file target22.cif (mmCIF, C-alpha atoms)
data_entry
loop_
_atom_site.label_atom_id
_atom_site.label_comp_id
_atom_site.auth_asym_id
_atom_site.auth_seq_id
_atom_site.Cartn_x
_atom_site.Cartn_y
_atom_site.Cartn_z
CA MET A 41 -20.75 11.59 -18.74
CA ILE A 42 -18.67 10.21 -15.88
CA ARG A 43 -14.90 10.17 -16.04
CA ILE A 44 -13.30 7.54 -13.82
CA ALA A 45 -9.54 7.62 -13.28
CA ALA A 46 -8.02 4.42 -11.97
CA VAL A 47 -4.66 2.91 -11.08
CA GLY A 48 -3.47 -0.01 -8.99
CA ASP A 49 -0.18 -1.45 -7.77
CA VAL A 50 1.62 1.83 -7.23
CA HIS A 51 3.67 0.13 -4.46
CA LEU A 52 4.66 3.35 -2.75
CA ALA A 53 7.35 3.60 -0.10
CA PRO A 54 9.59 6.47 1.00
CA ASP A 55 11.97 5.81 -1.92
CA ALA A 56 9.16 6.47 -4.44
CA SER A 57 7.52 9.36 -2.59
CA GLY A 58 6.25 12.11 -4.88
CA HIS A 59 6.69 10.13 -8.13
CA LEU A 60 3.00 10.28 -9.06
CA ARG A 61 2.02 13.61 -7.55
CA PRO A 62 2.89 15.84 -10.55
CA ALA A 63 0.55 13.81 -12.79
CA LEU A 64 -2.14 13.72 -10.10
CA GLU A 65 -2.22 17.50 -9.80
CA GLU A 66 -3.87 17.57 -13.27
CA LEU A 67 -6.55 15.07 -12.31
CA GLY A 68 -9.33 17.58 -11.71
CA ASP A 69 -9.15 18.61 -15.39
CA CYS A 70 -9.71 15.13 -16.79
CA ALA A 71 -11.56 13.00 -14.18
CA ASP A 72 -14.43 13.08 -11.69
CA LEU A 73 -13.10 10.47 -9.28
CA LEU A 74 -10.02 8.31 -8.76
CA LEU A 75 -10.05 4.60 -7.93
CA LEU A 76 -7.04 2.87 -6.36
CA ALA A 77 -7.04 -0.88 -7.00
CA GLY A 78 -4.84 -2.06 -4.13
CA ASP A 79 -1.13 -2.66 -3.50
CA LEU A 80 -0.75 0.96 -2.60
CA THR A 81 2.30 0.15 -0.46
CA LYS A 82 5.24 -2.18 -0.80
CA HIS A 83 5.37 -3.91 2.58
CA GLY A 84 2.12 -2.69 4.16
CA THR A 85 3.76 -0.49 6.82
CA VAL A 86 2.28 2.63 8.38
CA GLU A 87 5.28 4.63 7.14
CA GLU A 88 4.50 3.57 3.57
CA ALA A 89 0.79 4.33 4.06
CA GLU A 90 1.79 7.85 5.06
CA VAL A 91 3.56 8.18 1.70
CA VAL A 92 0.34 7.02 0.00
CA ALA A 93 -1.68 9.52 2.04
CA ARG A 94 0.59 12.38 0.93
CA GLU A 95 0.55 11.21 -2.69
CA PHE A 96 -3.24 10.83 -3.02
CA GLY A 97 -4.53 13.13 -0.27
CA GLY A 98 -6.01 16.53 -1.00
CA LEU A 99 -6.64 15.91 -4.71
CA ALA A 100 -9.29 17.77 -6.69
CA VAL A 101 -11.45 14.62 -6.98
CA PRO A 102 -12.74 12.02 -4.48
CA VAL A 103 -10.39 9.05 -4.05
CA VAL A 104 -11.75 5.54 -3.36
CA ALA A 105 -9.41 2.64 -2.64
CA VAL A 106 -9.19 -1.02 -1.78
CA LEU A 107 -6.12 -2.61 -0.21
CA GLY A 108 -4.08 -5.33 -1.88
CA ASN A 109 -1.97 -8.26 -0.72
CA HIS A 110 1.15 -6.10 -0.26
CA ASP A 111 -0.89 -3.80 1.99
CA HIS A 112 -1.57 -6.77 4.28
CA HIS A 113 2.04 -8.02 4.42
CA SER A 114 2.68 -6.46 7.86
CA ASP A 115 -0.77 -7.46 9.20
CA LEU A 116 -1.65 -3.78 9.60
CA GLY A 117 -4.62 -3.50 7.24
CA ASP A 118 -6.77 -1.58 9.73
CA GLU A 119 -3.97 0.83 10.60
CA LEU A 120 -3.32 1.51 6.90
CA SER A 121 -7.01 2.17 6.31
CA THR A 122 -7.00 4.68 9.17
CA VAL A 123 -3.98 6.56 7.79
CA LEU A 124 -5.62 6.75 4.36
CA SER A 125 -9.03 7.71 5.77
CA ASP A 126 -7.42 10.52 7.77
CA ALA A 127 -6.12 11.86 4.44
CA GLY A 128 -9.64 11.87 2.99
CA ILE A 129 -9.28 8.63 1.01
CA THR A 130 -12.26 6.24 1.24
CA VAL A 131 -11.03 2.69 1.82
CA LEU A 132 -13.55 -0.02 0.96
CA GLU A 133 -13.49 -3.62 2.21
CA GLY A 134 -16.79 -5.33 1.61
CA ASN A 135 -18.76 -2.10 1.52
CA GLY A 136 -19.59 0.71 -0.88
CA ILE A 137 -19.92 4.44 -1.33
CA VAL A 138 -22.15 6.57 -3.55
CA LEU A 139 -20.70 9.78 -4.99
CA ASP A 140 -22.61 12.56 -6.72
CA VAL A 141 -20.88 13.24 -10.04
CA ASN A 142 -22.48 15.91 -12.23
CA ASP A 143 -25.96 14.95 -10.91
CA THR A 144 -25.30 11.27 -11.53
CA LYS A 145 -25.02 8.89 -8.59
CA VAL A 146 -21.87 6.81 -9.00
CA GLY A 147 -21.68 3.84 -6.63
CA VAL A 148 -18.42 2.01 -5.97
CA ALA A 149 -18.34 -1.32 -4.13
CA GLY A 150 -14.91 -2.55 -3.16
CA VAL A 151 -13.17 -5.57 -1.74
CA LYS A 152 -9.59 -6.84 -1.87
CA GLY A 153 -10.68 -10.15 -3.36
CA PHE A 154 -8.45 -13.22 -3.36
CA GLY A 155 -7.26 -16.13 -5.51
CA GLY A 156 -8.57 -19.59 -6.29
CA GLY A 157 -8.65 -19.65 -10.05
CA PHE A 158 -11.23 -19.54 -12.79
CA ALA A 159 -14.30 -21.54 -13.69
CA GLY A 160 -13.55 -25.18 -14.37
CA LYS A 161 -9.93 -24.91 -13.20
CA CYS A 162 -10.23 -23.63 -9.68
CA ALA A 163 -9.54 -24.67 -6.12
CA SER A 164 -12.24 -26.25 -3.93
CA ALA A 165 -12.88 -25.94 -0.21
CA PHE A 166 -11.87 -29.52 0.50
CA GLY A 167 -9.17 -31.34 2.43
CA GLU A 168 -6.68 -29.62 4.68
CA GLN A 169 -7.71 -26.70 6.86
CA GLU A 170 -5.26 -24.48 4.96
CA MET A 171 -6.95 -25.28 1.64
CA LYS A 172 -10.44 -24.74 3.02
CA ALA A 173 -9.34 -21.45 4.60
CA PHE A 174 -7.86 -20.30 1.26
CA VAL A 175 -11.03 -21.01 -0.73
CA ASN A 176 -13.43 -19.89 1.98
CA HIS A 177 -11.72 -16.49 2.14
CA THR A 178 -12.43 -16.01 -1.57
CA VAL A 179 -16.03 -17.18 -1.12
CA GLU A 180 -16.50 -14.76 1.77
CA VAL A 181 -15.04 -11.66 0.10
CA SER A 182 -16.86 -12.39 -3.19
CA ASP A 183 -20.11 -12.61 -1.26
CA GLN A 184 -19.29 -9.29 0.41
CA LEU A 185 -18.66 -7.73 -2.99
CA GLY A 186 -22.02 -8.94 -4.32
CA LYS A 187 -23.88 -7.62 -1.30
CA ALA A 188 -22.05 -4.28 -1.43
CA LEU A 189 -22.93 -3.91 -5.13
CA ASP A 190 -26.57 -4.82 -4.46
CA GLY A 191 -26.67 -2.25 -1.70
CA LEU A 192 -25.64 0.65 -3.93
CA ASP A 193 -28.49 3.02 -4.73
CA ALA A 194 -26.78 4.54 -7.77
CA ASP A 195 -27.13 5.26 -11.50
CA VAL A 196 -23.76 3.66 -12.25
CA ARG A 197 -22.33 0.81 -10.20
CA VAL A 198 -18.62 0.08 -10.21
CA ALA A 199 -16.81 -2.94 -8.76
CA LEU A 200 -13.32 -2.30 -7.42
CA THR A 201 -11.02 -5.17 -6.43
CA HIS A 202 -7.31 -5.87 -6.21
CA TYR A 203 -7.48 -9.49 -7.40
CA ALA A 204 -8.77 -10.21 -10.91
CA PRO A 205 -12.36 -11.36 -11.50
CA VAL A 206 -11.62 -12.74 -15.00
CA LYS A 207 -8.71 -14.47 -16.72
CA GLU A 208 -8.87 -12.33 -19.87
CA THR A 209 -7.03 -9.50 -18.11
CA LEU A 210 -4.30 -11.92 -17.01
CA ARG A 211 -3.08 -12.62 -20.55
CA GLY A 212 0.68 -12.21 -20.42
CA GLU A 213 0.98 -13.81 -16.98
CA PRO A 214 2.14 -17.45 -16.73
CA LEU A 215 -0.91 -19.76 -16.80
CA GLU A 216 0.46 -21.64 -13.79
CA ILE A 217 -0.04 -18.66 -11.46
CA TYR A 218 -3.59 -17.74 -12.53
CA PRO A 219 -5.08 -19.29 -9.35
CA PHE A 220 -3.01 -16.83 -7.30
CA LEU A 221 -4.13 -13.83 -9.34
CA GLY A 222 -7.88 -13.97 -9.00
CA SER A 223 -11.11 -15.88 -8.85
CA TYR A 224 -14.20 -16.35 -11.01
CA LEU A 225 -16.26 -15.97 -7.82
CA LEU A 226 -15.60 -12.22 -7.98
CA ALA A 227 -16.93 -12.11 -11.56
CA GLU A 228 -19.96 -14.17 -10.58
CA ALA A 229 -20.78 -11.60 -7.89
CA ILE A 230 -20.25 -8.75 -10.37
CA ASP A 231 -22.53 -10.40 -12.93
CA LYS A 232 -25.27 -11.30 -10.46
CA ALA A 233 -25.36 -7.71 -9.22
CA ARG A 234 -25.29 -6.45 -12.83
CA ALA A 235 -22.48 -3.97 -12.18
CA ASP A 236 -21.61 -1.57 -15.01
CA ILE A 237 -17.83 -1.93 -14.95
CA ALA A 238 -15.11 -3.58 -12.86
CA PHE A 239 -11.55 -2.44 -12.13
CA HIS A 240 -8.72 -4.51 -10.62
CA GLY A 241 -4.94 -4.64 -10.36
CA HIS A 242 -2.49 -7.32 -9.09
CA ALA A 243 -1.53 -8.78 -12.49
CA HIS A 244 1.50 -6.66 -13.49
CA ALA A 245 2.19 -8.65 -16.65
CA GLY A 246 -1.47 -8.93 -17.63
CA THR A 247 -3.68 -7.09 -20.12
CA GLU A 248 -5.86 -4.02 -19.66
CA HIS A 249 -9.07 -5.20 -21.31
CA GLY A 250 -11.42 -8.03 -20.42
CA MET A 251 -15.07 -8.90 -19.89
CA THR A 252 -17.03 -11.12 -17.52
CA ALA A 253 -19.17 -14.00 -18.75
CA GLY A 254 -22.17 -11.72 -18.17
CA GLY A 255 -20.78 -8.97 -20.39
CA VAL A 256 -19.46 -6.54 -17.77
CA ARG A 257 -16.36 -4.70 -18.93
CA VAL A 258 -13.24 -5.37 -16.80
CA ARG A 259 -10.12 -3.21 -16.76
CA ASN A 260 -6.78 -4.24 -15.24
CA VAL A 261 -5.32 -0.92 -14.13
CA ALA A 262 -2.09 -2.20 -12.54
CA GLN A 263 0.39 0.59 -13.16
CA PRO A 264 2.84 -1.62 -15.11
CA VAL A 265 -0.07 -2.52 -17.43
CA ILE A 266 -1.41 0.99 -18.07
CA ARG A 267 2.11 2.48 -18.12
CA SER A 268 1.07 5.83 -16.70
CA ALA A 269 0.13 7.40 -13.35
CA TYR A 270 -3.53 6.50 -13.98
CA LYS A 271 -5.93 5.85 -16.84
CA VAL A 272 -9.22 7.63 -17.49
CA TYR A 273 -12.40 5.85 -18.59
CA SER A 274 -15.45 7.84 -19.61
CA LEU A 275 -18.89 6.27 -19.24
CA GLU A 276 -22.30 7.24 -20.52
CA PRO A 277 -24.66 5.53 -18.04
CA ALA A 278 -27.61 5.12 -20.45
CA GLU A 279 -25.45 3.54 -23.15
CA LEU A 280 -23.70 1.23 -20.68
CA GLU A 281 -27.04 -0.32 -19.75
CA ARG A 282 -27.52 -1.40 -23.35
CA ALA A 283 -24.00 -2.85 -23.62
CA VAL A 284 -24.54 -5.09 -20.60
CA GLY A 285 -28.03 -5.96 -21.75
CA MET B 138 24.67 -26.66 -2.34
CA THR B 139 25.77 -23.74 -4.52
CA PRO B 140 23.79 -22.55 -7.56
CA ASP B 141 26.26 -24.04 -10.03
CA GLN B 142 25.68 -27.49 -8.51
CA GLU B 143 21.90 -27.40 -8.45
CA PRO B 144 19.59 -27.86 -11.45
CA PRO B 145 18.83 -24.45 -13.03
CA GLN B 146 15.07 -24.85 -12.42
CA TYR B 147 15.67 -24.83 -8.65
CA ALA B 148 18.10 -21.94 -8.87
CA VAL B 149 15.52 -19.86 -10.77
CA ALA B 150 12.81 -20.74 -8.26
CA ARG B 151 15.08 -19.79 -5.37
CA LEU B 152 15.97 -16.44 -6.95
CA ARG B 153 12.35 -15.60 -7.76
CA ARG B 154 11.25 -16.39 -4.23
CA ALA B 155 14.11 -14.32 -2.83
CA LEU B 156 13.12 -11.30 -4.93
CA ALA B 157 9.52 -11.64 -3.66
CA GLU B 158 10.33 -12.40 -0.02
CA ASP B 159 13.45 -10.34 0.70
CA PRO B 160 12.31 -7.07 2.34
CA ARG B 161 14.82 -5.13 0.24
CA THR B 162 12.97 -6.04 -2.95
CA ALA B 163 9.50 -7.55 -2.22
CA GLU B 164 8.98 -7.70 -5.98
CA GLN B 165 6.53 -10.33 -7.20
CA GLY B 166 6.46 -9.15 -10.79
CA VAL B 167 10.10 -9.71 -11.73
CA ARG B 168 10.91 -12.62 -14.02
CA VAL B 169 14.13 -14.57 -13.72
CA ASP B 170 15.71 -16.47 -16.59
CA LEU B 171 18.93 -18.40 -16.18
CA ARG B 172 21.27 -19.27 -19.06
CA GLY B 173 24.38 -20.99 -17.77
CA GLU B 174 25.97 -18.52 -15.36
CA GLN B 175 24.02 -15.55 -16.71
CA VAL B 176 20.79 -14.44 -15.09
CA TYR B 177 18.33 -12.16 -16.91
CA LEU B 178 15.84 -10.09 -14.92
CA SER B 179 12.76 -8.57 -16.58
CA GLY B 180 9.48 -6.98 -15.51
CA ASP B 181 8.55 -3.63 -13.95
CA VAL B 182 9.41 -1.82 -10.73
CA ALA B 183 8.49 1.63 -9.41
CA SER B 184 11.92 3.31 -9.21
CA GLU B 185 15.57 3.13 -10.35
CA GLU B 186 16.61 2.41 -6.76
CA ARG B 187 14.35 -0.66 -6.65
CA LYS B 188 15.80 -1.86 -9.93
CA HIS B 189 19.32 -1.70 -8.45
CA ARG B 190 18.26 -3.51 -5.29
CA LEU B 191 17.34 -6.54 -7.43
CA ASP B 192 21.02 -6.85 -8.37
CA GLU B 193 22.02 -6.78 -4.70
CA VAL B 194 19.66 -9.56 -3.69
CA VAL B 195 20.66 -11.79 -6.61
CA HIS B 196 24.33 -11.16 -5.87
CA ASP B 197 23.89 -12.09 -2.19
CA ILE B 198 22.34 -15.42 -3.13
CA ALA B 199 24.36 -16.31 -6.19
CA ALA B 200 27.53 -14.23 -6.42
CA ASN B 201 28.82 -16.40 -9.27
CA LEU B 202 26.03 -15.32 -11.64
CA LYS B 203 26.40 -12.40 -14.02
CA VAL B 204 23.24 -10.31 -13.77
CA HIS B 205 21.62 -8.70 -16.81
CA ASN B 206 19.01 -6.38 -15.35
CA ASP B 207 16.47 -5.53 -18.08
CA VAL B 208 13.80 -4.48 -15.57
CA HIS B 209 11.80 -1.45 -16.63
CA VAL B 210 10.96 1.47 -14.34
CA VAL B 211 7.24 2.03 -14.76
CA GLU B 212 6.08 5.35 -16.19
CA ALA B 213 4.44 7.81 -13.78
CA GLN B 214 3.30 10.57 -16.12
CA ALA B 215 -0.31 11.57 -16.81
CA PRO B 216 -1.99 9.50 -19.55
CA VAL B 217 -2.70 10.78 -23.04
CA GLY B 218 -6.42 10.70 -23.84
CA ARG B 219 -8.99 8.39 -22.32
CA GLU B 220 -11.05 5.33 -23.18
CA GLU B 221 -14.70 5.98 -24.08
CA LEU B 222 -16.92 3.12 -22.87
CA ARG B 223 -20.14 2.81 -24.80
#

call {"tool": "encode", "arguments": {"input": "target22.cif", "output": "structure tokens"}}
result
Amino acid sequence: MIRIAAVGDVHLAPDASGHLRPALEELGDCADLLLLAGDLTKHGTVEEAEVVAREFGGLAVPVVAVLGNHDHHSDLGDELSTVLSDAGITVLEGNGIVLDVNDTKVGVAGVKGFGGGFAGKCASAFGEQEMKAFVNHTVEVSDQLGKALDGLDADVRVALTHYAPVKETLRGEPLEIYPFLGSYLLAEAIDKARADIAFHGHAHAGTEHGMTAGGVRVRNVAQPVIRSAYKVYSLEPAELERAVG
Amino acid sequence: MTPDQEPPQYAVARLRRALAEDPRTAEQGVRVDLRGEQVYLSGDVASEERKHRLDEVVHDIAANLKVHNDVHVVEAQAPVGREELR
């Protein structure tokens, strides 16, 4: 059995420093790893990243993160990743990591993701440069996610994004903003690579549970959705294979 | 143009953008509803301080509006139980 703890959208800054730490101190008793689904900071500053590093550094379990849109607001994505890495947090962006959990190899592939919308109602790379750049960014990061998942030599393969791969976990958000909350291209990559489960954040007013068209379970772990410091999901690798088919 | 002269749809849009773009708040998940000169805020933020900053930003933009701040401070305690995925 593998126990995956996950949370996204903690939006830490000096004013919220230490809020989550008491709950995180118990993590080793109930989880084998912790995933952070982006928007770890509020404005994407190094000072805020240092708060994140103190909050999630030195825990009893490995911590694997992706950045979110807030983490890029100050154009310091690389600097934030360095601060987090120095605290022992693995930051993924188009790559993956394999962890040994109770003799099971757990692979996590991560990417921030981006918007564009969902199958049949999505943006196209056509027209103005700005529109093509918007859609091409989603195409590029979705491709990176697929390749990172394919590259994982693991018993269980997990997709970690900030943006949503499916619209089911957006229920509760206004329909009009769905194209800014995620893209079906992420789900397509997850399905093609036959991942076992996918976690994302970003949609604060969304819903926890969803599934890709290919039958991969999706969980929106944005903190306002799960209403706790993290949520724990336990997986039995052999049984998951049957569920996905 | 002041908020009481502009159509309420534009006033709501302006307030929502301000709450997302003003560095004091940077909150994208706060909803704004306007009823006459009363503005209702809802959604989730990470701390009490951030909840109060929403009032400040709205007041700076539209001092004539009475603010009803129903925003919820998100829970940060450990979860109870776990989900078993089969």

call {"tool": "resolve_selection", "arguments": {"input": "target22.cif", "expression": "the PyMOL selection byres ((chain A) within 8 of (chain B))", "output": "PyMOL selection string"}}
result
chain A and resi 50-52+55-56+59-60+62-64+66+82-83+244-245+263-264+267-276+279-280+283

call {"tool": "write_last_selection", "arguments": {"input": "target22.cif", "atoms": "C-alpha atoms", "output": "PDB file, in the frame of the given file"}}
result
ATOM      1  CA  VAL A  50       1.620   1.830  -7.230  1.00  0.00           C
ATOM      2  CA  HIS A  51       3.670   0.130  -4.460  1.00  0.00           C
ATOM      3  CA  LEU A  52       4.660   3.350  -2.750  1.00  0.00           C
ATOM      4  CA  ASP A  55      11.970   5.810  -1.920  1.00  0.00           C
ATOM      5  CA  ALA A  56       9.160   6.470  -4.440  1.00  0.00           C
ATOM      6  CA  HIS A  59       6.690  10.130  -8.130  1.00  0.00           C
ATOM      7  CA  LEU A  60       3.000  10.280  -9.060  1.00  0.00           C
ATOM      8  CA  PRO A  62       2.890  15.840 -10.550  1.00  0.00           C
ATOM      9  CA  ALA A  63       0.550  13.810 -12.790  1.00  0.00           C
ATOM     10  CA  LEU A  64      -2.140  13.720 -10.100  1.00  0.00           C
ATOM     11  CA  GLU A  66      -3.870  17.570 -13.270  1.00  0.00           C
ATOM     12  CA  LYS A  82       5.240  -2.180  -0.800  1.00  0.00           C
ATOM     13  CA  HIS A  83       5.370  -3.910   2.580  1.00  0.00           C
ATOM     14  CA  HIS A 244       1.500  -6.660 -13.490  1.00  0.00           C
ATOM     15  CA  ALA A 245       2.190  -8.650 -16.650  1.00  0.00           C
ATOM     16  CA  GLN A 263       0.390   0.590 -13.160  1.00  0.00           C
ATOM     17  CA  PRO A 264       2.840  -1.620 -15.110  1.00  0.00           C
ATOM     18  CA  ARG A 267       2.110   2.480 -18.120  1.00  0.00           C
ATOM     19  CA  SER A 268       1.070   5.830 -16.700  1.00  0.00           C
ATOM     20  CA  ALA A 269       0.130   7.400 -13.350  1.00  0.00           C
ATOM     21  CA  TYR A 270      -3.530   6.500 -13.980  1.00  0.00           C
ATOM     22  CA  LYS A 271      -5.930   5.850 -16.840  1.00  0.00           C
ATOM     23  CA  VAL A 272      -9.220   7.630 -17.490  1.00  0.00           C
ATOM     24  CA  TYR A 273     -12.400   5.850 -18.590  1.00  0.00           C
ATOM     25  CA  SER A 274     -15.450   7.840 -19.610  1.00  0.00           C
ATOM     26  CA  LEU A 275     -18.890   6.270 -19.240  1.00  0.00           C
ATOM     27  CA  GLU A 276     -22.300   7.240 -20.520  1.00  0.00           C
ATOM     28  CA  GLU A 279     -25.450   3.540 -23.150  1.00  0.00           C
ATOM     29  CA  LEU A 280     -23.700   1.230 -20.680  1.00  0.00           C
ATOM     30  CA  ALA A 283     -24.000  -2.850 -23.620  1.00  0.00           C
TER      31      ALA A 283
END

call {"tool": "atom_distance", "arguments": {"input": "target22.cif", "atom1": "atom CA of A:Ala163", "atom2": "atom CA of A:Val106"}}
result
24.0 Å

call {"tool": "residues_around", "arguments": {"input": "target22.cif", "residues": "stretch 208-224 of chain A", "least_positions_apart": "2", "cutoff": "7 Å", "atoms": "all atoms listed in the file", "output": "count of residues only"}}
result
23

call {"tool": "closest_residue", "arguments": {"input": "target22.cif", "among": "B:Arg153, B:Leu171, B:Ala148, B:Glu143", "to": "B:Val194", "atoms": "all atoms listed in the file"}}
result
B:Arg153

call {"tool": "closest_residue", "arguments": {"input": "target22.cif", "among": "A:Arg259, A:Gly150, A:Val131, A:Glu180", "to": "A:Ala165", "atoms": "all atoms listed in the file"}}
result
A:Glu180

call {"tool": "resolve_selection", "arguments": {"input": "target22.cif", "expression": "the PyMOL selection byres ((chain B and resi 144-147) around 10)", "output": "PyMOL selection string"}}
result
chain B and resi 140-143+148-153+170-174

call {"tool": "closest_residue", "arguments": {"input": "target22.cif", "among": "B:Val176, B:Leu202, B:Val208, B:Val169", "to": "B:Lys188", "atoms": "all atoms listed in the file"}}
result
B:Val208

call {"tool": "atom_distance", "arguments": {"input": "target22.cif", "atom1": "atom CA of A:Pro54", "atom2": "atom CA of A:Gly84"}}
result
12.2 Å

call {"tool": "residues_near_point", "arguments": {"input": "target22.cif", "point": "(-19.0, -8.9, -5.0)", "cutoff": "6 Å", "atoms": "all atoms listed in the file", "output": "short mmCIF file (atom, residue, chain, number, x, y, z; two decimals) with C-alpha atoms, in the frame of the given file"}}
result
data_model
loop_
_atom_site.label_atom_id
_atom_site.label_comp_id
_atom_site.auth_asym_id
_atom_site.auth_seq_id
_atom_site.Cartn_x
_atom_site.Cartn_y
_atom_site.Cartn_z
CA SER A 182 -16.86 -12.39 -3.19
CA ASP A 183 -20.11 -12.61 -1.26
CA GLN A 184 -19.29 -9.29 0.41
CA LEU A 185 -18.66 -7.73 -2.99
CA GLY A 186 -22.02 -8.94 -4.32
CA LEU A 226 -15.60 -12.22 -7.98
CA ALA A 229 -20.78 -11.60 -7.89
CA ILE A 230 -20.25 -8.75 -10.37
#
